[in-house]
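J.: Structure in structure tokens, see below.
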Amino acid sequence: MHLDLKNKVQSEIIRNSAKLFSANVVAQAIGLLVYPILTRLYAPEDFGLLSLFTSISGVLIILSTLGYQEAIVLPKEEEEAHAVAHLSFFLIAITTLVLICSIPFAGQIAGIFNSPKLENYYWLLPFYVLIVGIWNVLNYWYIRQRAYNRISGYQMTQSFFSSGYKLGFGFMGWLSGGLIVASVLSSLCSLIISFSLGFKKFIRPLPVWRKEKIRQVAVQYANFPKFSMPHSLINYVAGQLPVLLLTPFFTAHEIGLWSMAVTLSFVPISMLTNALFQVLYQRISEMVNDRRSIAKVHKRFTLLALVVLIPLFAGLSFVLPTITEWVLGDGWRITGVYIRWMLPWLLCVFLCGSVGYLYSIFYKQKYGLYFEIVIAVARLIALCIGIYYKNFALAVGGYAAVSALINGLQYIWLMRLVSRYEKSL
């Protein structure tokens with residue numbers, strides 16, 4: 001009977017992961033297929049402006065919920081999970097109002113990043129933060145409800161709308177900010193569709209607010225704003241440092257080439273990690289609550305990842321620059337070189353990103369924060385060396401190298417958490 005339970009758990013994980021992964025494949029395939037057209041409509045500078053907008057908004061999106069949305073999966077009682085969702089929505093509303101008040105200072109903010117064109121589109125920032133923030137809360141609510149169809153539906157519609165708007169604005173000649181407007185509109189359309197389809201079954205119970213319960217969960221899950229949110233924030237900022245830090249010192253053209261490398265390389269990696277994370281988080285959380293073994297799941301995951309990805313990445317390293325230039329067009333070859341430098345880092349990101357839920361499950365968010373501080377400092381040093389020598393390639397190459405090293409050490413530490421848990425059973 002114990003063996004049957006294990007097989008059932010593993011088959012459910014595989015089935016749900018496959019469901020999300022297949023949706024991700026479709027969603028990301030739509031986005032990737034249009035890039036050869038987009039790179040011939042838009043200049044690298046246009047992608048650089050989009051990257052700056054999304055980098056700034058990404059920081060604000062993380063701050064908007066203080067990380068409480070990640071706690072939605074954990075409570076045993078539905079009422080408690082409702083309160084965590086309500087708290088997250090309330091914090092998003094406050095953040096949006098503050099950002100709206102900052103719109104008159106758009107010129108000064110754009111000046112900080114040496115990007116005058118940002119001023120024209122800064123007014124979209126509060127609305128983008130609101131839209132994506134709401135989705136992030138709903139995403140974790142859907143994970144709790146095992147509503148993986150709703151998550152996959154959002155991913156596919158968002159990719160479809162994003163590609164369509166970007167192509168449409170490009171052919172219309174709206175190049176400077178067309179990519180930004182397309183990103184905002186696609187997220188809004190996908191959120192409306194997901195909300196409409198999921199309202200009756202999954203969202204209808206949420207509007208019932210209980211102030212006392214909200215205060216209770218704010219204290220109960222205080223580790224999330226104390227450690228998980230700074231962890232996520234530092235992780236994100238460290239990931240966006242090349243854009244945020246290098247933009248004032250190098251050209252938008254160079255930033256655009258690097259941003260394209262990050263986009264193309266992290267699309268498939270994010271596709272895999274998000275599917276695994278969302279399914280494993282919910283399932284491993286249940287298994288730990290029931291005091292069941294989780295070692296076998298993680299050992300199989302590690303072995304499969306290494307056996308598949310190492311040979312794949314080794315083969316890609318020889319052909320990436322040529323493929324990139326052929327697919328994206330003249331002038332984009334260096335993007336393939338950047339991706340080749342990133343391959344060891346991508347492998348470590350896949351491993352860590354897929355099992356990052358272990359910090360929350362074992363309430364070790366503090367240590368996750370420590371890792372992020374170390375990696376952020378290391379990345380900052382690498383980029384500053386490149387800035388000092390006025391060498392963009394040195395900056396991003398060193399950035400990728402230190403990222404791979406520390407992410408690898410982080411994964412080893414996470415597996416030690418699993419080992420300690422197994423010994424405690």
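Residue numbering restarts at 1 for every chain of the structure tokens, chains are lettered A, B, ... in their displayed order, and ligands are numbered from 1 as they appear.
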What lies within 10 Å of Leu50 (chain A) using only C-alpha atoms, ignoring chain neighbours under 4 positions off, as a list in words?
T.: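 Those residues are Pro44, Glu45, Asp46, Thr54, Ser55, Leu118, Ser176, Gly177, Gly178, Leu179, Ile180, Val181, Ser183, Gly256 and Ser259 of chain A.
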J.: Output N, CA, C and O atoms for every residue in that selection, as a tab-separated table (two decimals), in the first residue's frame.
T.:
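Listing of again_24.tsv after writing:
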```tsv
chain	number	residue	atom	x	y	z
A	44	PRO	N	17.87	46.77	-31.60
A	44	PRO	CA	18.30	46.39	-30.25
A	44	PRO	C	17.99	47.46	-29.20
A	44	PRO	O	17.71	47.13	-28.04
A	45	GLU	N	18.01	48.74	-29.61
A	45	GLU	CA	17.71	49.82	-28.67
A	45	GLU	C	16.28	49.72	-28.14
A	45	GLU	O	16.01	50.06	-26.98
A	46	ASP	N	15.35	49.28	-29.00
A	46	ASP	CA	13.95	49.13	-28.57
A	46	ASP	C	13.81	48.02	-27.54
A	46	ASP	O	13.06	48.15	-26.57
A	54	THR	N	10.76	46.63	-17.87
A	54	THR	CA	10.38	45.42	-17.15
A	54	THR	C	11.28	45.17	-15.94
A	54	THR	O	10.84	44.58	-14.96
A	55	SER	N	12.52	45.62	-16.02
A	55	SER	CA	13.42	45.47	-14.87
A	55	SER	C	12.93	46.30	-13.69
A	55	SER	O	12.89	45.83	-12.55
A	118	LEU	N	12.16	56.61	-21.61
A	118	LEU	CA	11.39	55.97	-20.54
A	118	LEU	C	10.31	56.89	-19.99
A	118	LEU	O	9.25	56.42	-19.57
A	176	SER	N	9.38	52.63	-30.88
A	176	SER	CA	10.05	53.06	-29.66
A	176	SER	C	9.42	52.46	-28.40
A	176	SER	O	10.10	51.90	-27.57
A	177	GLY	N	8.11	52.56	-28.27
A	177	GLY	CA	7.44	52.05	-27.07
A	177	GLY	C	6.45	50.95	-27.34
A	177	GLY	O	5.73	50.51	-26.43
A	178	GLY	N	6.41	50.48	-28.59
A	178	GLY	CA	5.43	49.45	-28.93
A	178	GLY	C	5.60	48.18	-28.13
A	178	GLY	O	4.62	47.53	-27.76
A	179	LEU	N	6.84	47.80	-27.84
A	179	LEU	CA	7.10	46.59	-27.06
A	179	LEU	C	6.57	46.73	-25.63
A	179	LEU	O	6.07	45.77	-25.05
A	180	ILE	N	6.70	47.92	-25.06
A	180	ILE	CA	6.22	48.15	-23.69
A	180	ILE	C	4.69	48.09	-23.64
A	180	ILE	O	4.11	47.40	-22.79
A	181	VAL	N	4.05	48.81	-24.54
A	181	VAL	CA	2.58	48.82	-24.56
A	181	VAL	C	2.04	47.41	-24.82
A	181	VAL	O	1.05	46.99	-24.21
A	183	SER	N	3.40	44.61	-23.92
A	183	SER	CA	3.57	43.82	-22.70
A	183	SER	C	2.45	44.12	-21.69
A	183	SER	O	1.92	43.21	-21.05
A	256	GLY	N	20.55	45.95	-25.46
A	256	GLY	CA	19.54	45.20	-26.20
A	256	GLY	C	20.03	43.83	-26.63
A	256	GLY	O	19.28	42.85	-26.57
A	259	SER	N	20.06	41.70	-23.49
A	259	SER	CA	18.69	41.41	-23.08
A	259	SER	C	18.08	40.32	-23.94
A	259	SER	O	17.34	39.45	-23.44
```
J.: Which residues are near region 94-103 of chain A? Cut-off 12 Å, only C-alpha atoms, ignore same chain within fewer than 2 positions. Put them as a ChimeraX atom specification.
T.: /A:56-57,59-66,87-92,105-110,118-134
J.: Output the selection as a JSON list (two decimals), in the first residue's frame - C-alpha atoms for each residue.
T.:
```json
[["chain", "number", "residue", "atom", "x", "y", "z"],
["A", 56, "ILE", "CA", 12.07, 48.43, -12.90],
["A", 57, "SER", "CA", 8.52, 47.06, -12.81],
["A", 59, "VAL", "CA", 11.35, 45.14, -8.60],
["A", 60, "LEU", "CA", 8.11, 46.94, -7.79],
["A", 61, "ILE", "CA", 5.98, 43.83, -8.39],
["A", 62, "ILE", "CA", 8.02, 41.90, -5.83],
["A", 63, "LEU", "CA", 7.67, 44.73, -3.31],
["A", 64, "SER", "CA", 3.94, 45.04, -3.94],
["A", 65, "THR", "CA", 2.98, 41.91, -1.96],
["A", 66, "LEU", "CA", 5.96, 41.67, 0.43],
["A", 87, "LEU", "CA", -3.55, 40.66, 2.56],
["A", 88, "SER", "CA", -1.63, 40.35, -0.71],
["A", 89, "PHE", "CA", -4.33, 42.18, -2.69],
["A", 90, "PHE", "CA", -4.42, 44.98, -0.12],
["A", 91, "LEU", "CA", -0.67, 45.50, -0.33],
["A", 92, "ILE", "CA", -0.82, 45.59, -4.15],
["A", 105, "PHE", "CA", 8.48, 62.70, -11.43],
["A", 106, "ALA", "CA", 8.83, 60.48, -14.51],
["A", 107, "GLY", "CA", 11.39, 62.80, -16.09],
["A", 108, "GLN", "CA", 13.71, 62.71, -13.10],
["A", 109, "ILE", "CA", 13.41, 58.91, -12.83],
["A", 110, "ALA", "CA", 14.21, 58.48, -16.53],
["A", 118, "LEU", "CA", 11.39, 55.97, -20.54],
["A", 119, "GLU", "CA", 9.61, 59.17, -19.45],
["A", 120, "ASN", "CA", 7.00, 58.77, -22.20],
["A", 121, "TYR", "CA", 5.93, 55.34, -20.93],
["A", 122, "TYR", "CA", 6.46, 55.63, -17.19],
["A", 123, "TRP", "CA", 2.73, 56.27, -16.66],
["A", 124, "LEU", "CA", 2.08, 52.63, -17.65],
["A", 125, "LEU", "CA", 4.25, 51.35, -14.80],
["A", 126, "PRO", "CA", 1.61, 51.52, -11.98],
["A", 127, "PHE", "CA", -0.93, 49.66, -14.08],
["A", 128, "TYR", "CA", 1.57, 47.00, -15.14],
["A", 129, "VAL", "CA", 2.55, 46.43, -11.51],
["A", 130, "LEU", "CA", -1.14, 46.17, -10.53],
["A", 131, "ILE", "CA", -1.96, 43.69, -13.30],
["A", 132, "VAL", "CA", 1.01, 41.38, -12.79],
["A", 133, "GLY", "CA", 0.74, 41.64, -9.00],
["A", 134, "ILE", "CA", -2.88, 40.45, -9.08]]
```
J.: Which residues come within 12 Å of Trp413 (chain A), counting only C-alpha atoms, excluding same-chain residues fewer than 5 positions away, as number ranges by chain?
T.: A: 351-352, 355-356, 358-359, 364, 367-368, 371, 406-408, 418-420
J.: Let's have the selection written as a short mmCIF file (atom, residue, chain, number, x, y, z; two decimals), in the first residue's frame, with all heavy atoms.
T.:
```cif
data_model
loop_
_atom_site.label_atom_id
_atom_site.label_comp_id
_atom_site.auth_asym_id
_atom_site.auth_seq_id
_atom_site.Cartn_x
_atom_site.Cartn_y
_atom_site.Cartn_z
N LEU A 351 18.32 23.84 -11.77
CA LEU A 351 18.32 23.00 -10.58
C LEU A 351 17.77 23.75 -9.37
O LEU A 351 16.88 23.26 -8.67
CB LEU A 351 19.74 22.50 -10.30
CG LEU A 351 20.33 21.51 -11.32
CD1 LEU A 351 21.81 21.26 -11.03
CD2 LEU A 351 19.57 20.20 -11.31
N CYS A 352 18.28 24.94 -9.12
CA CYS A 352 17.86 25.71 -7.94
C CYS A 352 16.42 26.20 -8.07
O CYS A 352 15.65 26.14 -7.11
CB CYS A 352 18.78 26.92 -7.75
SG CYS A 352 20.41 26.50 -7.13
N VAL A 355 13.52 23.64 -7.27
CA VAL A 355 13.32 23.18 -5.88
C VAL A 355 13.42 24.33 -4.88
O VAL A 355 13.59 24.10 -3.68
CB VAL A 355 14.33 22.07 -5.52
CG1 VAL A 355 14.17 20.87 -6.44
CG2 VAL A 355 15.77 22.59 -5.60
N GLY A 356 13.28 25.57 -5.35
CA GLY A 356 13.39 26.72 -4.45
C GLY A 356 12.32 26.76 -3.38
O GLY A 356 12.45 27.48 -2.38
N LEU A 358 11.81 24.65 -1.24
CA LEU A 358 12.31 24.03 -0.01
C LEU A 358 12.59 25.06 1.08
O LEU A 358 12.46 24.77 2.27
CB LEU A 358 13.58 23.22 -0.31
CG LEU A 358 13.38 21.97 -1.17
CD1 LEU A 358 14.73 21.37 -1.59
CD2 LEU A 358 12.55 20.93 -0.43
N TYR A 359 12.96 26.26 0.68
CA TYR A 359 13.17 27.32 1.67
C TYR A 359 11.89 27.59 2.45
O TYR A 359 11.91 27.74 3.68
CB TYR A 359 13.61 28.61 0.98
CG TYR A 359 15.03 28.61 0.47
CD1 TYR A 359 15.29 28.75 -0.89
CD2 TYR A 359 16.12 28.48 1.34
CE1 TYR A 359 16.60 28.75 -1.37
CE2 TYR A 359 17.42 28.49 0.87
CZ TYR A 359 17.65 28.63 -0.48
OH TYR A 359 18.94 28.64 -0.96
N LYS A 364 13.24 28.01 6.03
CA LYS A 364 14.65 28.39 5.98
C LYS A 364 14.86 29.61 5.08
O LYS A 364 15.90 29.77 4.46
CB LYS A 364 15.49 27.21 5.47
CG LYS A 364 15.44 25.98 6.35
CD LYS A 364 16.13 26.22 7.68
CE LYS A 364 16.18 24.93 8.50
NZ LYS A 364 16.84 25.13 9.81
N TYR A 367 18.12 31.66 5.20
CA TYR A 367 19.32 31.18 4.53
C TYR A 367 19.26 31.43 3.03
O TYR A 367 20.28 31.68 2.37
CB TYR A 367 19.54 29.70 4.83
CG TYR A 367 19.79 29.45 6.29
CD1 TYR A 367 18.75 29.08 7.15
CD2 TYR A 367 21.05 29.63 6.84
CE1 TYR A 367 18.96 28.88 8.49
CE2 TYR A 367 21.29 29.42 8.19
CZ TYR A 367 20.24 29.05 9.02
OH TYR A 367 20.45 28.87 10.36
N GLY A 368 18.05 31.37 2.48
CA GLY A 368 17.89 31.74 1.08
C GLY A 368 18.26 33.19 0.85
O GLY A 368 18.88 33.54 -0.16
N PHE A 371 22.05 33.55 0.75
CA PHE A 371 22.59 33.17 -0.55
C PHE A 371 22.41 34.29 -1.57
O PHE A 371 23.31 34.59 -2.38
CB PHE A 371 21.91 31.89 -1.06
CG PHE A 371 22.63 30.63 -0.68
CD1 PHE A 371 22.08 29.76 0.24
CD2 PHE A 371 23.86 30.32 -1.25
CE1 PHE A 371 22.74 28.59 0.59
CE2 PHE A 371 24.52 29.15 -0.90
CZ PHE A 371 23.96 28.28 0.03
N ILE A 406 27.85 30.24 -7.62
CA ILE A 406 27.10 30.36 -6.37
C ILE A 406 25.77 29.62 -6.45
O ILE A 406 25.32 29.02 -5.46
CB ILE A 406 26.90 31.85 -6.01
CG1 ILE A 406 28.27 32.51 -5.82
CG2 ILE A 406 26.07 31.99 -4.73
CD1 ILE A 406 28.22 33.99 -5.60
N ASN A 407 25.11 29.62 -7.61
CA ASN A 407 23.89 28.83 -7.74
C ASN A 407 24.15 27.34 -7.57
O ASN A 407 23.32 26.61 -7.00
CB ASN A 407 23.24 29.07 -9.10
CG ASN A 407 22.43 30.35 -9.16
OD1 ASN A 407 22.38 31.03 -10.17
ND2 ASN A 407 21.78 30.70 -8.05
N GLY A 408 25.30 26.88 -8.05
CA GLY A 408 25.67 25.47 -7.86
C GLY A 408 25.83 25.12 -6.39
O GLY A 408 25.34 24.09 -5.92
N VAL A 418 17.08 18.46 2.38
CA VAL A 418 16.30 17.24 2.16
C VAL A 418 16.90 16.09 2.97
O VAL A 418 16.17 15.30 3.60
CB VAL A 418 16.26 16.90 0.66
CG1 VAL A 418 15.56 15.55 0.44
CG2 VAL A 418 15.56 18.00 -0.12
N SER A 419 18.21 15.99 2.95
CA SER A 419 18.89 14.92 3.69
C SER A 419 18.61 15.01 5.19
O SER A 419 18.36 14.00 5.85
CB SER A 419 20.39 14.99 3.42
OG SER A 419 21.08 14.01 4.14
N ARG A 420 18.65 16.22 5.74
CA ARG A 420 18.37 16.40 7.17
C ARG A 420 16.94 16.03 7.51
O ARG A 420 16.66 15.44 8.55
CB ARG A 420 18.65 17.84 7.57
CG ARG A 420 20.13 18.23 7.56
CD ARG A 420 20.28 19.71 7.85
NE ARG A 420 21.68 20.12 7.72
CZ ARG A 420 22.10 21.38 7.77
NH1 ARG A 420 21.20 22.35 7.91
NH2 ARG A 420 23.36 21.68 7.66
#
```
J.: Restricting the calculation to only C-alpha atoms, which member of A:Gln365, A:Asn391, A:Ser187, A:Ser403 is positioned closest to Pro230 (chain A)?
T.: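 Of all the options, A:Gln365 lies closest to Pro230 (chain A).
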J.: Report as a PyMOL selection string all protein, DNA and RNA residues lying within 10 Å of Ala395 (chain A), evaluated on only C-alpha atoms, omitting residues in the same chain fewer than 2 positions from it.
T.: chain A and resi 242+246+379-393+397-400
J.: Of the candidates A:Phe301, A:Leu369, A:Tyr35, A:Arg333, which shows the shortest atom-to-atom distance to Leu167 (chain A), using only C-alpha atoms?
T.: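 Nearest candidate to Leu167 (chain A) out of A:Phe301, A:Leu369, A:Tyr35, A:Arg333: A:Tyr35.
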J.: Would you pick out the contacts of Leu347 (chain A) at 12 Å or less, using only C-alpha atoms, so that residues sharing its chain but fewer than 5 positions from it are not included, and give the list as a PyMOL selection string?
T.: chain A and resi 265-266+268-270+272-273+302+305-314+340-342+352-354+400+403-405+407-408+411
J.: Please dump the current selection as a CSV table (one decimal), in the first residue's frame; keep N, CA, C and O atoms.
T.:
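What ended up in again.csv:
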```csv
chain,number,residue,atom,x,y,z
A,265,SER,N,17.5,32.6,-23.7
A,265,SER,CA,18.1,31.5,-23.0
A,265,SER,C,17.2,31.1,-21.8
A,265,SER,O,17.0,29.9,-21.4
A,266,PHE,N,16.6,32.1,-21.2
A,266,PHE,CA,15.7,31.9,-20.0
A,266,PHE,C,14.3,31.4,-20.3
A,266,PHE,O,13.6,31.0,-19.4
A,268,PRO,N,13.3,28.8,-22.3
A,268,PRO,CA,13.1,27.4,-22.1
A,268,PRO,C,13.4,27.0,-20.6
A,268,PRO,O,12.7,26.1,-20.1
A,269,ILE,N,14.4,27.6,-20.0
A,269,ILE,CA,14.7,27.3,-18.6
A,269,ILE,C,13.5,27.6,-17.7
A,269,ILE,O,13.1,26.8,-16.8
A,270,SER,N,13.0,28.8,-17.9
A,270,SER,CA,11.8,29.2,-17.0
A,270,SER,C,10.6,28.3,-17.3
A,270,SER,O,9.9,28.0,-16.4
A,272,LEU,N,10.6,25.2,-18.0
A,272,LEU,CA,10.8,23.9,-17.2
A,272,LEU,C,10.7,24.2,-15.7
A,272,LEU,O,9.9,23.5,-15.0
A,273,THR,N,11.4,25.2,-15.2
A,273,THR,CA,11.4,25.4,-13.8
A,273,THR,C,10.1,25.8,-13.2
A,273,THR,O,9.7,25.3,-12.1
A,302,THR,N,17.3,15.3,-9.9
A,302,THR,CA,18.7,15.7,-10.1
A,302,THR,C,19.4,14.9,-11.2
A,302,THR,O,20.0,15.4,-12.1
A,305,ALA,N,17.9,15.7,-14.7
A,305,ALA,CA,18.4,17.0,-15.2
A,305,ALA,C,19.8,17.0,-15.7
A,305,ALA,O,20.1,17.5,-16.8
A,306,LEU,N,20.7,16.3,-14.9
A,306,LEU,CA,22.1,16.3,-15.3
A,306,LEU,C,22.3,15.4,-16.6
A,306,LEU,O,23.1,15.8,-17.5
A,307,VAL,N,21.6,14.3,-16.7
A,307,VAL,CA,21.8,13.4,-17.8
A,307,VAL,C,21.3,14.0,-19.1
A,307,VAL,O,21.8,13.8,-20.2
A,308,VAL,N,20.2,14.8,-19.0
A,308,VAL,CA,19.6,15.4,-20.2
A,308,VAL,C,20.3,16.7,-20.6
A,308,VAL,O,20.7,17.0,-21.7
A,309,LEU,N,20.5,17.6,-19.6
A,309,LEU,CA,21.0,19.0,-19.9
A,309,LEU,C,22.4,19.1,-20.2
A,309,LEU,O,22.8,19.9,-21.1
A,310,ILE,N,23.3,18.4,-19.5
A,310,ILE,CA,24.7,18.5,-19.8
A,310,ILE,C,25.1,18.2,-21.2
A,310,ILE,O,25.8,19.0,-21.9
A,311,PRO,N,24.7,17.0,-21.8
A,311,PRO,CA,25.0,16.7,-23.2
A,311,PRO,C,24.4,17.7,-24.2
A,311,PRO,O,25.0,18.1,-25.2
A,312,LEU,N,23.1,18.2,-23.8
A,312,LEU,CA,22.4,19.1,-24.7
A,312,LEU,C,23.2,20.4,-24.7
A,312,LEU,O,23.4,21.0,-25.8
A,313,PHE,N,23.6,21.0,-23.6
A,313,PHE,CA,24.3,22.2,-23.5
A,313,PHE,C,25.7,22.1,-24.2
A,313,PHE,O,26.1,23.1,-24.8
A,314,ALA,N,26.3,21.0,-24.0
A,314,ALA,CA,27.7,20.8,-24.6
A,314,ALA,C,27.5,20.9,-26.1
A,314,ALA,O,28.4,21.5,-26.8
A,340,ARG,N,26.1,31.3,-25.0
A,340,ARG,CA,27.1,30.2,-24.8
A,340,ARG,C,27.8,30.4,-23.4
A,340,ARG,O,28.0,29.5,-22.7
A,341,TRP,N,28.2,31.7,-23.1
A,341,TRP,CA,28.8,31.9,-21.8
A,341,TRP,C,27.9,31.6,-20.6
A,341,TRP,O,28.3,31.3,-19.5
A,342,MET,N,26.6,31.7,-20.9
A,342,MET,CA,25.6,31.5,-19.8
A,342,MET,C,25.2,30.1,-19.5
A,342,MET,O,24.5,29.8,-18.6
A,352,CYS,N,18.3,24.9,-9.1
A,352,CYS,CA,17.9,25.7,-7.9
A,352,CYS,C,16.4,26.2,-8.1
A,352,CYS,O,15.6,26.1,-7.1
A,353,GLY,N,16.1,26.7,-9.3
A,353,GLY,CA,14.7,27.3,-9.4
A,353,GLY,C,13.6,26.2,-9.3
A,353,GLY,O,12.5,26.5,-8.8
A,354,SER,N,13.9,25.0,-9.7
A,354,SER,CA,12.9,24.0,-9.6
A,354,SER,C,12.5,23.5,-8.2
A,354,SER,O,11.4,23.1,-7.9
A,400,ALA,N,28.0,36.1,-15.5
A,400,ALA,CA,27.5,34.8,-15.7
A,400,ALA,C,28.3,33.7,-14.9
A,400,ALA,O,27.7,32.8,-14.4
A,403,SER,N,27.6,33.8,-11.2
A,403,SER,CA,26.2,33.3,-10.9
A,403,SER,C,26.2,31.8,-11.0
A,403,SER,O,25.5,31.2,-10.1
A,404,ALA,N,26.9,31.2,-11.9
A,404,ALA,CA,26.9,29.7,-12.0
A,404,ALA,C,27.5,29.1,-10.8
A,404,ALA,O,27.0,28.1,-10.2
A,405,LEU,N,28.6,29.7,-10.3
A,405,LEU,CA,29.3,29.1,-9.2
A,405,LEU,C,28.5,29.1,-7.9
A,405,LEU,O,28.3,28.1,-7.2
A,407,ASN,N,25.1,29.6,-7.6
A,407,ASN,CA,23.9,28.8,-7.7
A,407,ASN,C,24.2,27.3,-7.6
A,407,ASN,O,23.3,26.6,-7.0
A,408,GLY,N,25.3,26.9,-8.0
A,408,GLY,CA,25.7,25.5,-7.9
A,408,GLY,C,25.8,25.1,-6.4
A,408,GLY,O,25.3,24.1,-5.9
A,411,TYR,N,22.4,24.9,-4.7
A,411,TYR,CA,21.6,23.7,-4.9
A,411,TYR,C,22.2,22.6,-4.0
A,411,TYR,O,21.4,21.8,-3.4
```
J.: Between A:Ala261, A:Lys296, A:Val319, A:Tyr370, which has the minimum distance to Ile334 (chain A) (counting only C-alpha atoms)?
T.: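 Looking at the shortest contact to Ile334 (chain A), the residue is A:Ala261.
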J.: Of the candidates A:Ala43, A:Ala71, A:Leu191, A:Met260, which shows the shortest atom-to-atom distance to Phe224 (chain A), using only C-alpha atoms?
T.: A:Ala71
J.: Contacts of Lys366 (chain A) at 12 Å or less, counting only C-alpha atoms, minus same-chain residues fewer than 5 places along, as a list in words?
T.: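 In the requested form, the answer reads Ala222, Asn223, Phe224, Pro225, Lys226, Phe227, Ser228, Met229, Pro230, His231, Ser232, Leu358, Tyr359, Ser360, Phe371, Glu372 and Ile373 of chain A.
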J.: Using only C-alpha atoms, can you tell me which of A:Val297, A:Leu264, A:Ile339, A:Ile151 comes closest to Phe195 (chain A)?
T.: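 Smallest separation from Phe195 (chain A) among the options: A:Ile151.
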